[in-house]
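Q: You'll find run01.cif just under this line, and it carries mmCIF, C-alpha atoms.
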data_coords
#
loop_
_atom_site.label_atom_id
_atom_site.label_comp_id
_atom_site.auth_asym_id
_atom_site.auth_seq_id
_atom_site.Cartn_x
_atom_site.Cartn_y
_atom_site.Cartn_z
CA MET G 220 24.89 22.18 -17.34
CA MET G 221 25.56 19.00 -15.46
CA SER G 222 28.29 16.43 -15.82
CA HIS G 223 27.44 12.75 -15.80
CA SER G 224 27.98 11.67 -12.21
CA PRO G 225 26.43 14.68 -10.46
CA ASP G 226 23.69 14.67 -13.06
CA ARG G 227 22.59 11.16 -12.20
CA ARG G 228 22.48 12.08 -8.53
CA ARG G 229 20.62 15.26 -9.34
CA PHE G 230 18.23 13.38 -11.60
CA GLY G 231 17.47 10.94 -8.81
CA ALA G 232 16.74 13.78 -6.42
CA LEU G 233 14.54 15.55 -8.93
CA ALA G 234 12.76 12.40 -9.90
CA LEU G 235 11.93 11.68 -6.29
CA SER G 236 11.00 15.23 -5.40
CA LEU G 237 7.76 15.19 -7.33
CA PRO G 238 4.37 14.46 -5.65
CA LEU G 239 1.97 11.59 -6.38
CA ALA G 240 -1.70 11.51 -5.57
CA GLY G 241 -3.37 8.21 -6.08
CA LEU G 242 -6.88 7.59 -4.97
CA ALA G 243 -7.31 4.47 -2.90
CA GLY G 244 -7.36 1.60 -5.35
CA GLY G 245 -7.25 4.12 -8.22
CA HIS G 246 -10.96 4.90 -7.92
CA ALA G 247 -12.64 8.28 -7.94
CA HIS G 248 -15.80 9.22 -6.10
CA ALA G 249 -18.89 7.46 -7.36
CA LEU G 250 -21.12 10.54 -7.10
CA VAL G 251 -19.85 13.89 -8.34
CA PRO G 252 -21.84 16.98 -7.38
CA PRO G 253 -22.11 19.91 -9.80
CA PHE G 254 -19.07 22.18 -9.89
CA SER G 255 -19.53 25.91 -9.53
CA ALA G 256 -16.59 28.06 -10.60
CA ALA G 257 -18.12 30.96 -8.71
CA SER G 258 -18.06 29.06 -5.41
CA GLN G 259 -14.89 27.04 -5.96
CA GLY G 260 -12.74 29.66 -7.68
CA ARG G 261 -10.44 29.20 -10.65
CA VAL G 262 -8.60 25.99 -11.38
CA ARG G 263 -4.91 26.71 -11.90
CA VAL G 264 -3.15 24.31 -14.27
CA ALA G 265 0.64 24.29 -14.63
CA VAL G 266 2.10 23.00 -17.89
CA GLY G 267 5.59 22.70 -19.31
CA GLY G 268 5.47 24.01 -22.88
CA ALA G 269 1.85 24.87 -23.64
CA GLY G 270 2.66 25.38 -27.33
CA LEU G 271 3.94 21.84 -27.88
CA LEU G 272 1.83 19.21 -29.62
CA TYR G 273 2.41 17.14 -26.49
CA HIS G 274 -0.18 19.39 -24.82
CA LEU G 275 -2.43 20.03 -27.84
CA PRO G 276 -5.60 18.67 -26.15
CA LEU G 277 -5.16 21.26 -23.40
CA THR G 278 -4.80 23.99 -26.03
CA ILE G 279 -7.92 22.80 -27.86
CA ALA G 280 -9.96 22.72 -24.65
CA ARG G 281 -8.92 26.31 -23.91
CA GLN G 282 -9.34 27.71 -27.40
CA LEU G 283 -12.76 26.16 -27.99
CA ASP G 284 -14.03 27.10 -24.51
CA PHE G 285 -14.62 23.49 -23.47
CA PHE G 286 -13.56 24.38 -19.93
CA ARG G 287 -16.09 27.20 -19.73
CA ALA G 288 -18.76 24.87 -21.08
CA GLU G 289 -18.13 22.72 -17.99
CA GLY G 290 -18.48 25.70 -15.66
CA LEU G 291 -14.73 26.13 -15.18
CA ASP G 292 -12.54 29.21 -15.09
CA VAL G 293 -9.13 27.72 -15.92
CA ALA G 294 -5.88 29.64 -15.61
CA VAL G 295 -3.01 27.95 -17.44
CA GLN G 296 0.52 28.67 -16.23
CA ASP G 297 3.23 27.93 -18.81
CA HIS G 298 6.63 26.75 -17.52
CA ALA G 299 9.95 25.86 -19.12
CA GLY G 300 9.54 22.14 -18.45
CA GLY G 301 7.37 19.50 -16.86
CA ALA G 302 9.46 19.30 -13.70
CA LEU G 303 9.09 23.06 -13.20
CA ALA G 304 5.34 22.83 -13.79
CA LEU G 305 5.14 20.15 -11.13
CA GLN G 306 7.19 22.30 -8.80
CA ALA G 307 4.50 25.00 -9.10
CA VAL G 308 1.91 22.47 -7.89
CA GLU G 309 4.14 21.38 -5.01
CA GLN G 310 4.59 24.99 -3.95
CA GLY G 311 0.85 25.68 -4.02
CA ALA G 312 1.01 28.02 -7.01
CA ALA G 313 -1.09 25.63 -9.15
CA ASP G 314 -3.80 23.05 -8.46
CA MET G 315 -3.15 20.55 -11.25
CA CYS G 316 -0.41 19.73 -13.73
CA CYS G 317 -0.33 18.73 -17.38
CA GLY G 318 2.80 16.65 -17.72
CA GLY G 319 4.33 13.24 -18.10
CA TYR G 320 2.58 10.35 -16.36
CA ASP G 321 6.00 9.09 -15.27
CA HIS G 322 6.12 11.91 -12.73
CA THR G 323 3.43 10.21 -10.67
CA LEU G 324 5.54 7.05 -10.45
CA ARG G 325 8.68 8.88 -9.42
CA LEU G 326 6.78 10.79 -6.78
CA GLN G 327 5.24 7.74 -5.19
CA LEU G 328 8.74 6.46 -4.53
CA GLN G 329 9.25 9.58 -2.45
CA GLY G 330 6.05 9.00 -0.52
CA GLN G 331 4.07 11.73 -2.30
CA ASN G 332 0.79 11.12 -4.05
CA HIS G 333 -0.47 12.48 -7.34
CA CYS G 334 -3.08 10.84 -9.54
CA ALA G 335 -3.36 11.01 -13.32
CA LEU G 336 -7.01 11.73 -14.15
CA VAL G 337 -6.98 11.77 -17.95
CA LEU G 338 -4.40 10.69 -20.50
CA GLN G 339 -3.61 13.02 -23.40
CA GLY G 340 -0.90 10.98 -25.11
CA ARG G 341 -0.45 7.22 -25.63
CA ALA G 342 3.19 7.75 -26.63
CA PRO G 343 5.83 10.25 -25.44
CA GLN G 344 5.82 12.24 -28.73
CA LEU G 345 9.50 13.03 -28.10
CA ALA G 346 12.54 12.61 -30.31
CA PHE G 347 16.28 12.62 -29.64
CA VAL G 348 18.25 14.33 -32.40
CA ALA G 349 21.86 15.36 -33.01
CA SER G 350 22.93 18.56 -34.71
CA ALA G 351 24.01 17.79 -38.28
CA ARG G 352 26.32 20.81 -38.29
CA ASN G 353 27.82 21.00 -34.80
CA TRP G 354 28.17 17.27 -34.19
CA PRO G 355 27.08 15.03 -37.06
CA VAL G 356 27.14 11.81 -35.07
CA ARG G 357 25.21 8.80 -36.26
CA SER G 358 25.21 6.76 -33.06
CA VAL G 359 24.59 7.34 -29.37
CA GLN G 360 27.94 5.64 -28.79
CA SER G 361 29.63 8.87 -29.93
CA PHE G 362 28.19 11.18 -27.29
CA LYS G 363 30.89 11.17 -24.63
CA GLY G 364 31.73 14.76 -23.70
CA LEU G 365 28.73 16.27 -25.48
CA ARG G 366 25.94 18.56 -24.30
CA VAL G 367 22.34 17.39 -24.65
CA GLY G 368 19.50 19.88 -24.50
CA VAL G 369 16.35 18.95 -22.52
CA THR G 370 13.41 21.11 -21.53
CA SER G 371 14.45 21.07 -17.86
CA PRO G 372 16.26 18.61 -15.56
CA GLY G 373 13.84 16.01 -14.23
CA SER G 374 11.36 16.45 -17.08
CA SER G 375 10.25 13.67 -19.42
CA THR G 376 12.68 14.91 -22.10
CA HIS G 377 15.51 14.33 -19.62
CA VAL G 378 14.29 10.79 -18.99
CA LEU G 379 14.06 9.91 -22.69
CA ALA G 380 17.44 11.47 -23.46
CA GLN G 381 19.07 9.25 -20.85
CA LEU G 382 17.22 6.15 -22.05
CA ALA G 383 18.25 6.89 -25.64
CA LEU G 384 21.91 7.26 -24.65
CA LEU G 385 21.84 4.01 -22.69
CA GLN G 386 20.36 1.97 -25.52
CA ASP G 387 22.57 -0.66 -27.16
CA GLY G 388 25.01 -0.57 -24.28
CA GLY G 389 25.72 3.16 -24.45
CA SER G 390 26.92 5.24 -21.51
CA LEU G 391 26.08 8.54 -19.83
CA GLU G 392 29.74 9.03 -18.89
CA GLY G 393 30.80 12.58 -19.63
CA VAL G 394 27.44 13.64 -21.07
CA SER G 395 26.04 16.96 -19.83
CA PHE G 396 22.33 17.78 -19.78
CA VAL G 397 21.37 21.41 -20.38
CA GLY G 398 17.94 22.93 -19.77
CA VAL G 399 16.85 24.78 -22.93
CA GLY G 400 13.21 25.33 -21.99
CA ALA G 401 10.00 24.02 -23.51
CA ALA G 402 9.38 27.09 -25.66
CA GLY G 403 10.24 26.25 -29.24
CA ASP G 404 12.25 29.34 -30.10
CA GLY G 405 14.64 28.85 -27.17
CA ALA G 406 15.24 25.18 -27.97
CA LEU G 407 15.85 25.92 -31.66
CA ALA G 408 18.32 28.68 -30.80
CA ALA G 409 20.23 26.49 -28.35
CA LEU G 410 20.86 23.86 -31.02
CA ARG G 411 21.53 26.27 -33.88
CA GLN G 412 23.99 28.33 -31.85
CA GLY G 413 25.91 25.25 -30.73
CA ARG G 414 25.10 25.62 -27.05
CA VAL G 415 23.99 21.99 -27.19
CA HIS G 416 25.12 19.25 -29.58
CA ALA G 417 21.88 17.31 -29.40
CA LEU G 418 18.31 17.87 -28.32
CA CYS G 419 15.52 15.81 -26.82
CA HIS G 420 12.28 17.65 -27.46
CA ALA G 421 8.72 17.44 -28.78
CA ASP G 422 7.02 18.66 -31.93
CA PRO G 423 6.72 21.04 -33.64
CA VAL G 424 10.34 21.78 -32.58
CA VAL G 425 11.82 18.52 -33.92
CA SER G 426 9.85 18.61 -37.17
CA VAL G 427 11.00 22.16 -37.91
CA LEU G 428 14.62 21.03 -37.52
CA GLU G 429 14.04 17.87 -39.58
CA GLN G 430 12.38 19.67 -42.48
CA ARG G 431 15.37 22.01 -42.74
CA GLY G 432 17.91 19.19 -42.57
CA GLU G 433 19.48 20.50 -39.37
CA VAL G 434 19.46 17.27 -37.34
CA ARG G 435 19.98 13.52 -37.49
CA LEU G 436 17.29 11.44 -35.80
CA LEU G 437 18.67 9.01 -33.20
CA CYS G 438 15.58 7.99 -31.22
CA ASP G 439 11.93 8.63 -32.02
CA THR G 440 8.75 8.04 -29.99
CA ARG G 441 6.37 10.19 -32.02
CA THR G 442 4.22 7.34 -33.31
CA LEU G 443 2.57 4.42 -31.54
CA LYS G 444 4.70 1.95 -33.50
CA ALA G 445 7.96 3.74 -32.74
CA ALA G 446 7.13 4.05 -29.03
CA GLN G 447 6.22 0.36 -28.90
CA GLU G 448 9.62 -0.52 -30.35
CA VAL G 449 11.45 1.66 -27.83
CA PHE G 450 9.49 0.71 -24.71
CA GLY G 451 8.07 -2.72 -25.52
CA GLY G 452 4.50 -1.74 -24.69
CA ALA G 453 2.00 1.09 -24.48
CA MET G 454 3.85 4.07 -22.97
CA PRO G 455 1.51 6.64 -21.36
CA ALA G 456 2.86 10.16 -21.61
CA SER G 457 1.15 13.52 -21.29
CA SER G 458 -1.61 13.48 -18.69
CA LEU G 459 -3.56 15.76 -16.40
CA TYR G 460 -2.69 14.87 -12.83
CA ALA G 461 -3.21 16.41 -9.41
CA PRO G 462 -2.31 15.94 -5.75
CA ARG G 463 -4.49 13.49 -3.86
CA SER G 464 -5.67 16.27 -1.55
CA PHE G 465 -7.07 18.29 -4.48
CA VAL G 466 -8.73 15.23 -6.05
CA GLN G 467 -10.43 14.32 -2.78
CA GLN G 468 -11.50 17.87 -1.95
CA GLN G 469 -12.59 18.91 -5.45
CA PRO G 470 -14.06 15.84 -7.23
CA ALA G 471 -16.54 17.98 -9.18
CA ALA G 472 -13.78 20.25 -10.46
CA CYS G 473 -11.75 17.20 -11.45
CA GLN G 474 -14.69 15.72 -13.36
CA ALA G 475 -15.31 19.02 -15.14
CA MET G 476 -11.61 19.24 -16.12
CA VAL G 477 -11.61 15.69 -17.47
CA ASN G 478 -14.87 16.30 -19.35
CA ALA G 479 -13.29 19.24 -21.17
CA MET G 480 -10.12 17.29 -21.95
CA VAL G 481 -11.99 14.27 -23.30
CA HIS G 482 -14.13 16.63 -25.37
CA ALA G 483 -10.91 18.03 -26.86
CA LEU G 484 -9.52 14.54 -27.50
CA LYS G 485 -12.69 13.62 -29.38
CA TRP G 486 -12.49 16.82 -31.43
CA LEU G 487 -8.92 15.96 -32.44
CA GLN G 488 -9.98 12.58 -33.84
CA THR G 489 -11.67 14.26 -36.81
CA ALA G 490 -10.00 17.70 -36.93
CA SER G 491 -8.81 18.82 -40.36
CA ALA G 492 -5.81 20.96 -41.20
CA ALA G 493 -8.16 23.90 -41.64
CA ASP G 494 -9.65 23.26 -38.20
CA LEU G 495 -6.19 23.36 -36.61
CA MET G 496 -5.21 26.55 -38.42
CA ARG G 497 -8.40 28.14 -37.15
CA VAL G 498 -7.96 27.07 -33.52
CA VAL G 499 -4.25 26.78 -32.71
CA PRO G 500 -2.55 30.10 -31.78
CA PRO G 501 -0.12 31.16 -34.55
CA GLU G 502 2.78 31.44 -32.10
CA HIS G 503 2.56 27.70 -31.41
CA MET G 504 3.58 27.01 -35.03
CA LEU G 505 7.06 28.58 -34.74
CA GLY G 506 6.57 30.45 -37.99
CA ASP G 507 6.28 27.26 -40.04
CA ARG G 508 2.70 26.10 -40.66
CA SER G 509 3.71 23.28 -43.00
CA ALA G 510 6.10 21.81 -40.42
CA TYR G 511 3.43 22.12 -37.73
CA LEU G 512 0.83 20.30 -39.82
CA ALA G 513 3.33 17.62 -40.81
CA ALA G 514 4.18 17.15 -37.15
CA PHE G 515 0.51 16.92 -36.20
CA HIS G 516 -0.19 14.22 -38.76
CA LYS G 517 2.88 12.30 -37.54
CA VAL G 518 1.80 12.27 -33.89
CA ARG G 519 -1.95 12.16 -34.46
CA ASP G 520 -2.37 8.48 -33.66
CA THR G 521 -0.68 8.96 -30.29
CA PHE G 522 -3.46 11.16 -28.89
CA SER G 523 -5.76 9.14 -26.69
CA PRO G 524 -9.25 8.85 -28.21
CA ASP G 525 -10.95 8.80 -24.79
CA GLY G 526 -8.47 9.75 -22.05
CA LEU G 527 -8.29 6.24 -20.59
CA MET G 528 -5.05 4.74 -19.31
CA PRO G 529 -4.02 1.63 -21.33
CA ASP G 530 -4.04 -1.57 -19.27
CA ASP G 531 -0.31 -2.17 -19.69
CA GLY G 532 0.69 1.51 -19.66
CA PRO G 533 1.69 1.99 -16.00
CA ALA G 534 3.83 -1.16 -15.95
CA THR G 535 5.57 -0.13 -19.18
CA ALA G 536 6.39 3.29 -17.71
CA LEU G 537 7.79 1.73 -14.55
CA ARG G 538 9.99 -0.66 -16.56
CA ALA G 539 11.42 2.30 -18.46
CA LEU G 540 12.28 4.15 -15.28
CA THR G 541 14.00 1.13 -13.77
CA ARG G 542 16.44 1.19 -16.67
CA LEU G 543 17.74 4.43 -15.18
CA ARG G 544 17.32 3.48 -11.55
CA PRO G 545 17.67 -0.33 -11.28
CA GLU G 546 17.12 -0.18 -7.52
CA TRP G 547 13.52 0.82 -8.18
CA ALA G 548 12.83 -2.68 -9.47
CA ALA G 549 12.82 -3.86 -5.86
CA SER G 550 10.62 -0.99 -4.70
CA ARG G 551 6.95 -1.61 -4.06
CA VAL G 552 5.09 0.75 -6.36
CA ASP G 553 1.30 0.63 -6.19
CA LEU G 554 0.51 1.42 -9.82
CA SER G 555 -3.23 1.56 -9.10
CA ARG G 556 -2.65 4.66 -6.98
CA THR G 557 -0.90 6.58 -9.78
CA PHE G 558 -3.99 6.96 -11.97
CA THR G 559 -7.74 6.54 -12.12
CA ASN G 560 -9.95 5.89 -15.16
CA GLU G 561 -13.19 6.70 -13.35
CA TYR G 562 -13.40 10.36 -14.42
CA ALA G 563 -12.44 9.56 -18.02
CA ARG G 564 -15.04 6.78 -18.20
CA ARG G 565 -17.79 9.20 -17.21
CA ALA G 566 -16.51 11.78 -19.70
CA LYS G 567 -16.32 9.13 -22.42
CA ALA G 568 -19.95 8.23 -21.81
CA LYS G 569 -20.97 11.90 -21.84
CA PHE G 570 -19.34 12.64 -25.20
CA ASN G 571 -19.63 9.17 -26.72
CA ALA G 572 -15.85 9.27 -27.27
#
Reformat the file's structure so that it appears as structure tokens.
A:
Amino acid sequence: MMSHSPDRRRFGALALSLPLAGLAGGHAHALVPPFSAASQGRVRVAVGGAGLLYHLPLTIARQLDFFRAEGLDVAVQDHAGGALALQAVEQGAADMCCGGYDHTLRLQLQGQNHCALVLQGRAPQLAFVASARNWPVRSVQSFKGLRVGVTSPGSSTHVLAQLALLQDGGSLEGVSFVGVGAAGDGALAALRQGRVHALCHADPVVSVLEQRGEVRLLCDTRTLKAAQEVFGGAMPASSLYAPRSFVQQQPAACQAMVNAMVHALKWLQTASAADLMRVVPPEHMLGDRSAYLAAFHKVRDTFSPDGLMPDDGPATALRALTRLRPEWAASRVDLSRTFTNEYARRAKAKFNA
């Protein structure tokens, strides 16, 4: 748990302690040689909350063997939050990360370089809710002295929670942020047991709480329209990103990873409820299939159809971050080095996505 003042300092440190790998000018290698898993070894991908809809394309690519079809042997490491997943990459325990695109921006400000290779989500797919039983507030103005659950400090849920509290002239004074993990059961228990008064999380967690009348919705970014209203533009969210060193040394592996992810994104465009029930692991549904399916249909339009970064996406993300750290507005951020569309374009052409 963190109080307001130390939390903002801690948040700044966490936000700037993430890496950022941009390719020069945001471009990938023009020629990509075949990738051989046998010669290159496994690709280790860290993710914060593999069971969340936020990372559904990754789940689909694994479950339908799209990675193997590209000659990859992918090991997915599940962590309690996006910041912790990124930490695994920084420490050399993972090669790539599935997490919020905003991490790449925050890391560049620290002089580290990561590059988003394929976009999973065109909106954050997160919601900020208050417990209807433990603190039935109807406005963010009422949150002084309360505890807000986030997946982990420094993760995208932490960012959105702060932005939601600051909207309409609100304040972070006296608000504590508590890491409740990305796993659905832990987040649900934290809210139900009163360890937190509010929660910023993804689906299916939020939808399970909504369907049972346990929360009041205060801020929602689970549809393209809602995210547009909150951020004023296309807000890129979940992405597959990697350190610049890995991208430069393993361009074939990167292309193979993006191919599999774009394949999964295309599959999701036409997937039926029956398809999801057949493919998604039962434990991802938190014991409530109807809530899971309702959540999927709510966020469905936010999944990228082709993995490409929207033209205005990076600038929108940077504007959002400067609401929390106004001094960043004067910083020189090279947005072109935080992502590349080259791999996704080739994958789009391959799968006619």
Q: Between G:Ala299, G:Ala280, G:Val264, G:Val518, which has the minimum distance to Ala445 in chain G (counting all atoms listed in the file)?
A: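 Smallest separation from Ala445 in chain G among the options: G:Val518.
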Q: Grab the CA of Asp321 in chain G to CA of Arg441 in chain G distance for me, in Å with one decimal place.
A: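 Distance between the two atoms: 16.8 Å.
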Q: What is the distance, in Å and to one decimal place, between CA of Ala401 in chain G and CA of Ser361 in chain G?
A: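 CA of Ser361 in chain G lies 25.6 Å from CA of Ala401 in chain G.
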Q: Please determine, counting only C-alpha atoms, which residue among G:Leu540, G:Leu484, G:Met454, G:Leu410 has the shortest atom-to-atom distance to Arg352 in chain G.
A: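 Closest to Arg352 in chain G of all the choices is G:Leu410.
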Q: For a quick check of understanding, using only C-alpha atoms, which of G:Pro500, G:Gly526, G:Pro372, G:Gly311 has the smallest distance to Ala335 in chain G?
A: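 Of the candidates, the smallest distance to Ala335 in chain G is held by G:Gly526.
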Q: Mind checking which residues fall within 10 Å of Val424 in chain G, counting all atoms listed in the file, ignoring those fewer than 3 positions away in the same chain, and posting them as a PyMOL selection string?
A: chain G and resi 270-272+345-346+401-407+418-421+427-429+503-505+510-511+514
Q: Find the residues near range 564-568 of chain G: any atom within 8 Å, counting all atoms listed in the file, skip ones fewer than 5 places away on the same chain, and give them as number ranges by chain.
A: G: 474, 477-478, 481-482, 525-527
Q: Determine the residue set returned by the PyMOL selection byres ((chain G and resi 442) around 7) for the present structure, and present it as a PyMOL selection string.
A: chain G and resi 342+344+440-441+443-446+517-518+520-521
Q: Find the residues around Val415 in chain G up to 7 Å (only C-alpha atoms counted), leave out those fewer than 3 positions away in its own chain, and share them as a list in words.
A: Arg366, Val367, Gly368, Ala409 and Leu410 of chain G
Q: Write out as number ranges by chain which residues come within 12 Å of Leu487 in chain G when counting all atoms listed in the file, dropping same-chain ones fewer than 3 positions away.
A: G: 272, 275-280, 283, 339-340, 480-484, 490-492, 494-495, 498-499, 515-516, 518-525, 572
Q: Would you put the residues from that selection into a file with C-alpha atoms, as a short mmCIF file (atom, residue, chain, number, x, y, z; two decimals), keeping the file's coordinate frame?
A:
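And here is the file that came out, selection.cif:
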data_model
loop_
_atom_site.label_atom_id
_atom_site.label_comp_id
_atom_site.auth_asym_id
_atom_site.auth_seq_id
_atom_site.Cartn_x
_atom_site.Cartn_y
_atom_site.Cartn_z
CA LEU G 272 1.83 19.21 -29.62
CA LEU G 275 -2.43 20.03 -27.84
CA PRO G 276 -5.60 18.67 -26.15
CA LEU G 277 -5.16 21.26 -23.40
CA THR G 278 -4.80 23.99 -26.03
CA ILE G 279 -7.92 22.80 -27.86
CA ALA G 280 -9.96 22.72 -24.65
CA LEU G 283 -12.76 26.16 -27.99
CA GLN G 339 -3.61 13.02 -23.40
CA GLY G 340 -0.90 10.98 -25.11
CA MET G 480 -10.12 17.29 -21.95
CA VAL G 481 -11.99 14.27 -23.30
CA HIS G 482 -14.13 16.63 -25.37
CA ALA G 483 -10.91 18.03 -26.86
CA LEU G 484 -9.52 14.54 -27.50
CA ALA G 490 -10.00 17.70 -36.93
CA SER G 491 -8.81 18.82 -40.36
CA ALA G 492 -5.81 20.96 -41.20
CA ASP G 494 -9.65 23.26 -38.20
CA LEU G 495 -6.19 23.36 -36.61
CA VAL G 498 -7.96 27.07 -33.52
CA VAL G 499 -4.25 26.78 -32.71
CA PHE G 515 0.51 16.92 -36.20
CA HIS G 516 -0.19 14.22 -38.76
CA VAL G 518 1.80 12.27 -33.89
CA ARG G 519 -1.95 12.16 -34.46
CA ASP G 520 -2.37 8.48 -33.66
CA THR G 521 -0.68 8.96 -30.29
CA PHE G 522 -3.46 11.16 -28.89
CA SER G 523 -5.76 9.14 -26.69
CA PRO G 524 -9.25 8.85 -28.21
CA ASP G 525 -10.95 8.80 -24.79
CA ALA G 572 -15.85 9.27 -27.27
#
Q: Separation of CA of Ala471 in chain G and CA of Phe286 in chain G, in Å?
A: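 These two atoms are separated by 12.9 Å.
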Q: With distances taken over all atoms listed in the file, which residue among G:Tyr460, G:Trp547, G:Tyr562, G:Trp354 lies nearest Ala265 in chain G?
A: G:Tyr460
Q: Name the residues that the PyMOL selection byres ((chain G and resi 304) around 8) picks from the file above, as a PyMOL selection string, using the file's chain letters and numbers.
A: chain G and resi 265-267+296-303+305-308+316-318
Q: As JSON, please: the centre and edge lengths in Å, to one decimal, of an axis-aligned box enclosing every listed atom of range 485-504 of chain G with 6 Å added on each side.
A:
{"center_x": -4.6, "center_y": 22.0, "center_z": -35.5, "size_x": 28.3, "size_y": 30.9, "size_z": 24.3}
Q: My list of candidates is G:Gly413, G:Gly330, G:Gly373, G:Gly393. Which is closest to Asn353 in chain G when distances are computed with all atoms listed in the file?
A: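 When distances to Asn353 in chain G are compared using all atoms listed in the file, the smallest one comes from G:Gly413.
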Q: Compile the contact shell of Thr323 in chain G as a VMD selection string: residues with an atom at most 12 Å away, counting only C-alpha atoms, same-chain residues fewer than 3 positions apart removed.
A: chain G and resid 234 to 241 301 to 302 305 316 to 320 326 to 336 374 to 375 455 to 463 533 536 to 537 540 552 to 559
Q: Write out the residues from the selection above, keeping C-alpha atoms, as a short mmCIF file (atom, residue, chain, number, x, y, z; two decimals), in the coordinates of the input.
A:
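In the end it all went to out-v8.cif:
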data_model
loop_
_atom_site.label_atom_id
_atom_site.label_comp_id
_atom_site.auth_asym_id
_atom_site.auth_seq_id
_atom_site.Cartn_x
_atom_site.Cartn_y
_atom_site.Cartn_z
CA ALA G 234 12.76 12.40 -9.90
CA LEU G 235 11.93 11.68 -6.29
CA SER G 236 11.00 15.23 -5.40
CA LEU G 237 7.76 15.19 -7.33
CA PRO G 238 4.37 14.46 -5.65
CA LEU G 239 1.97 11.59 -6.38
CA ALA G 240 -1.70 11.51 -5.57
CA GLY G 241 -3.37 8.21 -6.08
CA GLY G 301 7.37 19.50 -16.86
CA ALA G 302 9.46 19.30 -13.70
CA LEU G 305 5.14 20.15 -11.13
CA CYS G 316 -0.41 19.73 -13.73
CA CYS G 317 -0.33 18.73 -17.38
CA GLY G 318 2.80 16.65 -17.72
CA GLY G 319 4.33 13.24 -18.10
CA TYR G 320 2.58 10.35 -16.36
CA LEU G 326 6.78 10.79 -6.78
CA GLN G 327 5.24 7.74 -5.19
CA LEU G 328 8.74 6.46 -4.53
CA GLN G 329 9.25 9.58 -2.45
CA GLY G 330 6.05 9.00 -0.52
CA GLN G 331 4.07 11.73 -2.30
CA ASN G 332 0.79 11.12 -4.05
CA HIS G 333 -0.47 12.48 -7.34
CA CYS G 334 -3.08 10.84 -9.54
CA ALA G 335 -3.36 11.01 -13.32
CA LEU G 336 -7.01 11.73 -14.15
CA SER G 374 11.36 16.45 -17.08
CA SER G 375 10.25 13.67 -19.42
CA PRO G 455 1.51 6.64 -21.36
CA ALA G 456 2.86 10.16 -21.61
CA SER G 457 1.15 13.52 -21.29
CA SER G 458 -1.61 13.48 -18.69
CA LEU G 459 -3.56 15.76 -16.40
CA TYR G 460 -2.69 14.87 -12.83
CA ALA G 461 -3.21 16.41 -9.41
CA PRO G 462 -2.31 15.94 -5.75
CA ARG G 463 -4.49 13.49 -3.86
CA PRO G 533 1.69 1.99 -16.00
CA ALA G 536 6.39 3.29 -17.71
CA LEU G 537 7.79 1.73 -14.55
CA LEU G 540 12.28 4.15 -15.28
CA VAL G 552 5.09 0.75 -6.36
CA ASP G 553 1.30 0.63 -6.19
CA LEU G 554 0.51 1.42 -9.82
CA SER G 555 -3.23 1.56 -9.10
CA ARG G 556 -2.65 4.66 -6.98
CA THR G 557 -0.90 6.58 -9.78
CA PHE G 558 -3.99 6.96 -11.97
CA THR G 559 -7.74 6.54 -12.12
#
Q: Hey, which of G:Asp422, G:Gln488, G:Leu365, G:Phe347 ends up closest to Arg435 in chain G? Count all atoms listed in the file.
A: G:Phe347
Q: If the PyMOL selection byres ((chain G and resi 293) around 10) is run on the structure shown, which residues does it catch, given as a PDB file with C-alpha atoms, keeping the file's coordinate frame?
A:
ATOM      1  CA  ALA G 256     -16.590  28.060 -10.600  1.00  0.00           C
ATOM      2  CA  GLY G 260     -12.740  29.660  -7.680  1.00  0.00           C
ATOM      3  CA  ARG G 261     -10.440  29.200 -10.650  1.00  0.00           C
ATOM      4  CA  VAL G 262      -8.600  25.990 -11.380  1.00  0.00           C
ATOM      5  CA  ARG G 263      -4.910  26.710 -11.900  1.00  0.00           C
ATOM      6  CA  VAL G 264      -3.150  24.310 -14.270  1.00  0.00           C
ATOM      7  CA  ARG G 281      -8.920  26.310 -23.910  1.00  0.00           C
ATOM      8  CA  ASP G 284     -14.030  27.100 -24.510  1.00  0.00           C
ATOM      9  CA  PHE G 286     -13.560  24.380 -19.930  1.00  0.00           C
ATOM     10  CA  ARG G 287     -16.090  27.200 -19.730  1.00  0.00           C
ATOM     11  CA  GLY G 290     -18.480  25.700 -15.660  1.00  0.00           C
ATOM     12  CA  LEU G 291     -14.730  26.130 -15.180  1.00  0.00           C
ATOM     13  CA  ASP G 292     -12.540  29.210 -15.090  1.00  0.00           C
ATOM     14  CA  ALA G 294      -5.880  29.640 -15.610  1.00  0.00           C
ATOM     15  CA  VAL G 295      -3.010  27.950 -17.440  1.00  0.00           C
ATOM     16  CA  GLN G 296       0.520  28.670 -16.230  1.00  0.00           C
ATOM     17  CA  MET G 476     -11.610  19.240 -16.120  1.00  0.00           C
TER      18      MET G 476
END
Q: Select, counting only C-alpha atoms, all protein, DNA and RNA residues no farther than 6 Å from (20.3, 19.0, -37.7) in file coordinates, and express the selection as a list in words.
A: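 Neighbouring residues, ordered by chain and number, come to Ser350, Ala351, Gly432, Glu433, Val434 and Arg435 of chain G.
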